[in-house]
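All remarks here apply to the structure that follows.
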Amino acid sequence: MSRHAYELCTLLVDDTYGELTSRIFEVLLCYGRLSLPALQHHTHLSYRLVKHGLSVLVQQHLVLWYTSSDDHLTLYEANTTVAYSLVRSGKYIKIAEAQAGEFAGKVISDLLLLGHARVGDLVQAYGVGQSRSTHDRLAATRGPPSNPLSGLSEGRNEEQSVTLESIYGTLCDLLRTESVSRVHLSHFRSDADNRSEAEKLVPKPEEYKAKSKREQDAQHEAAVKRKLKEWKYCADGEEGEVEDLRKGKKRLHQDSEPRRPDQKRQRLYSPLIQEVVGIPGEVYLPMLGETDYLDSNLILRVNHAKFVVLMRNDHLVDLADRIISTSTARVYAQVLRALEPKVQECREEPEDLNKIDAEADLGSLPQVSTDELVGAIKDSSELFNALGKSDDGRLDMAQFDHPKKRRKKQVISDNGSVVDGEASLDEEEDASDSNDEDNISDVSSDLDEVNGEAEFDPNAMPSFSHNPHRDAIRNHLLVLAMHPLSFLQHLPKTSILPERWTIDFPTLMKNVIHHTLLEIITSRHGLPAARLTRILFDKGKTDEKVLCSTSLLAQKTMRSYLLPLHKAGMIGLQEVPRDNSRNPQRTNFLWFFDPERCKAKMLEETYKTMARCLGRARVEGEKVKGTVEKASRSDVIGKEEKFLGVQELEALNVWREMDERIWGEVSRLDDLVACLRDF
Amino acid sequence: MPGIYYYKRDKYPPRWNQLQHDRWTQNHYDMAGAAKAKQGPRIKKEGKGDLYRIGGVDLPWDPELDLDKPKPTPLYPAFQIPKPKPLTEKEKSQVAHFRKLRESIKNGPLYTVLGDNVRVGKSGTSAAAAFNPFEGMPKYSQRYTKKKRMIPKLDTRPYVLKFFPKELWSTIDPSATETNGVINTDTKGKSLQLSGYEKDAEMSEDEVDVKEERDPDDEDVPEGEEVDDEFDDEEDGGDYNAEQYFDDGGDDAGDDYDAGGDEGGGSYYD
């Protein structure tokens, strides 16, 4: 994180929690880990103030702390991730509302307000401890009839409308979708502290029964990682529990499925509750499909990682909508929804270090079969019209074909007709290779992939060709799979498994980030600049002359694009002297485009812009401070028309609009940050 | 006398139209006849390059430059401010949610505004010096203004103490103790309150006025329990207590006056 990011985080904390907290937070950002006396020294505040401020920050997860067991000294550290995600709270609430109803949005907003909270307290706070009304549970889960977000004045009347069942139901829904998660002590420690703590707990490398030192180390490393993962997902206990936990949750989805009598499984499942002194012999289940009951000692917080996954899904659907088509995006949304329960966070570390290289191992990724998708999408009438269709049900895009490409297509389809369905993956690669060749222009590659689909269709799934609903969906899926951004990965039908689809997120996100960078360069420096960047990316480090001939631009024109790009830090220039004299005339100048560097630069600028936006919002607020203060007086609230003059009302409205626009802009910038950094 | 030199170098002085190749003599000629020599442009532009010369000497500047013509680049050139697209409905509702949450945090017990006098070891300005004569006069409407909180009010909700470092326990919950690893807290009477769900039955009328605007969310102090006054000292200490003034001052003063008037009048006339 950089200066601007720090500035942004401080501003966000200041805007949300006020001066005391932001001053402590700023000092923690400036100086790094500090103990309480050092913090007091640097903030120039009294101990009492610092302690109060720290309590707030810890409660809101904005500060991490760690008490070393050696010297019992507590060190505090700023948590920039959570501080940054303050800006996303609106999105979180919106997503939760879209997913699990309006009341879920309310719960998320309250959890954001409270930091973390016990389920018991939460339930009590909603005022249902005394009044259990007998509303239909289903209706209540969708949210109380009157709008709970509508404000304080109506609040007291609503007390009756939220039932205990609806609260538990919503909380269970949120727990299942992992939008909220349990709190563990490790969530208050930094990664490094967690690691050192885990290393203390797992056996030393020497204690493993392995032949060589190297194997011992590897086992130790694996044990530490396992421990860290357990902590992260709040599954204290034996290994393999995380998996069981997930299975347990999945099982809850299918209420009809009988619970397994296997005692061990249930024991493994029980740790969802942290400290429950259950009756011995009886298995304590925190939530069952039917009753939806949660232990009141469960402590919940908002799971930022999962919300980032949900934001990523939205982003990808938007992208598919923009690049391909709305109906294809609808199909893609369905795929993402099907895969979403299996994706816990955006950047999951590979479990095995050896697996990093074996990227071709698509089978290990979460998958969804075509049949599931066909079942999930009810209405396919839109989908039929979205892609071109000829009489015999096959797509015919030949009239758009370039003669050369048509020839290529014929070659591919000849190959395809020789081999059977299992070879379709190779075929797909062929198709995408051909896409890569001409990805200088998006339009042509788009055509290409639609073409590719035509020959795909009859070969791979001949048995289902009679089902138009399935075919329509499948066509859209193929479009997605063929796209150069590789939205989807196709797993062909095998003798055991049906045809499946998966998403290789690391590859996809790499492509999406690259695409985003090029989009930004296009909007800032124009299309030729983006083209030059693409050439540089394809060719690697390039001499000016080569670049000139490749890009078919006059040297002077080319320079007029390259120099602003270089000045903005998007591309780099390397000097390679041909001899020891380092004479400029005997030096090669090589241009290059480094996406990582460009990304870092872009992020930096975005942070800066966001910080400036917040600064502007504050200045605008200062301008109407008096009026806002007057409007927030307790006698004025609700009677603004009566107490405020015309000008004051006008000023207030203008300010509100301005504030909304600024924060809207900030949230757009945050989308960019999310895309470049978090996805 | 220039003539002397001519005689020394050349036999005859140069004629008026004679070409001068010698650098020294040329210079000399120019110096001597600068005022009256009008035969051609004194400053010549050479064919090769864009050099200007005076009498064969290269000029490093452009003497014919019209200083007014190329204007200096403006310090702040006219700039078309890019205007973002208007927000979509989705974005609007996101922002609305965000602002609502922020508002409820600001109205809650955790939002703080530090005054100027919080720095330790530095004497801040005195209250009299910081007084704003225009806005600072006590007014009746101050009774309704939002009170600024200098220190977060932590005793409004239950906490999970094991998630806090031990040195903060006394701050969060003064009653917390630890015996053999088990944390004992006196959490009775503290319940979580959320906006829209608060109970106001137990607040006295005055409290409703003041406290509702300050923290409509999490404020609930049962009558039996004494609030730890430690928390409130600082914010109330320096403040002008408008309530007291107007409650006592208004009615009582009137009563006093009336009563005094009656009595006085009586005694006077009697």
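Residue numbering restarts at 1 in every chain; chains get A, B, ... in the order shown in the structure tokens, and ligands count up from 1 in that same order.
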
Requested in this report: Would you please extract all alpha helix (DSSP H) residues from region 182-238 of chain A, as assigned by DSSP on the backbone, and give them as a ChimeraX atom specification?
Outcome: /A:191-201,213-232

Excluding Leu114 (chain B) and its own-chain neighbours fewer than 3 positions away, which residues fall within 8 Å of it when counting only C-alpha atoms? Please give them as a PDB file with N, CA and C atoms, in the first residue's frame.
ATOM      1  N   GLU A  19     -12.920  11.749  14.357  1.00  0.00           N
ATOM      2  CA  GLU A  19     -11.527  12.190  14.450  1.00  0.00           C
ATOM      3  C   GLU A  19     -10.657  11.332  15.344  1.00  0.00           C
ATOM      4  N   LEU A  20     -11.205  10.945  16.492  1.00  0.00           N
ATOM      5  CA  LEU A  20     -10.378  10.221  17.456  1.00  0.00           C
ATOM      6  C   LEU A  20      -9.831   8.948  16.820  1.00  0.00           C
TER       7      LEU A  20
ATOM      8  N   VAL B 118      -7.293  18.583  23.029  1.00  0.00           N
ATOM      9  CA  VAL B 118      -7.044  17.205  23.436  1.00  0.00           C
ATOM     10  C   VAL B 118      -5.571  16.849  23.435  1.00  0.00           C
ATOM     11  N   ARG B 149     -19.635  14.434  20.320  1.00  0.00           N
ATOM     12  CA  ARG B 149     -19.091  13.480  21.263  1.00  0.00           C
ATOM     13  C   ARG B 149     -17.579  13.465  21.099  1.00  0.00           C
ATOM     14  N   MET B 150     -16.894  13.661  22.223  1.00  0.00           N
ATOM     15  CA  MET B 150     -15.441  13.688  22.099  1.00  0.00           C
ATOM     16  C   MET B 150     -14.835  12.321  22.332  1.00  0.00           C
ATOM     17  N   ILE B 151     -15.550  11.501  23.041  1.00  0.00           N
ATOM     18  CA  ILE B 151     -15.024  10.183  23.361  1.00  0.00           C
ATOM     19  C   ILE B 151     -16.138   9.180  23.106  1.00  0.00           C
TER      20      ILE B 151
END

Query raised in the report: In terms of the shortest atom-to-atom distance over only C-alpha atoms, which of B:Ala78, B:Leu161, B:Met137, B:Ile105 is closest to chain A?
Result: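 Once distances to chain A are computed over only C-alpha atoms, the minimum belongs to B:Ile105.
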
Report task. State, in Å with one decimal place, the distance from CA of Leu192 (chain B) to CA of Pro158 (chain B). Result ->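 Computing the Euclidean distance for CA of Leu192 (chain B) and CA of Pro158 (chain B) yields 6.5 Å.
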
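Taking CA of Glu97 (chain A) and CA of Ala674 (chain A) as the two end points, the separation is 20.3 Å.
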
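Going from CA of Ser104 (chain B) to CA of Arg661 (chain A) covers 20.1 Å.
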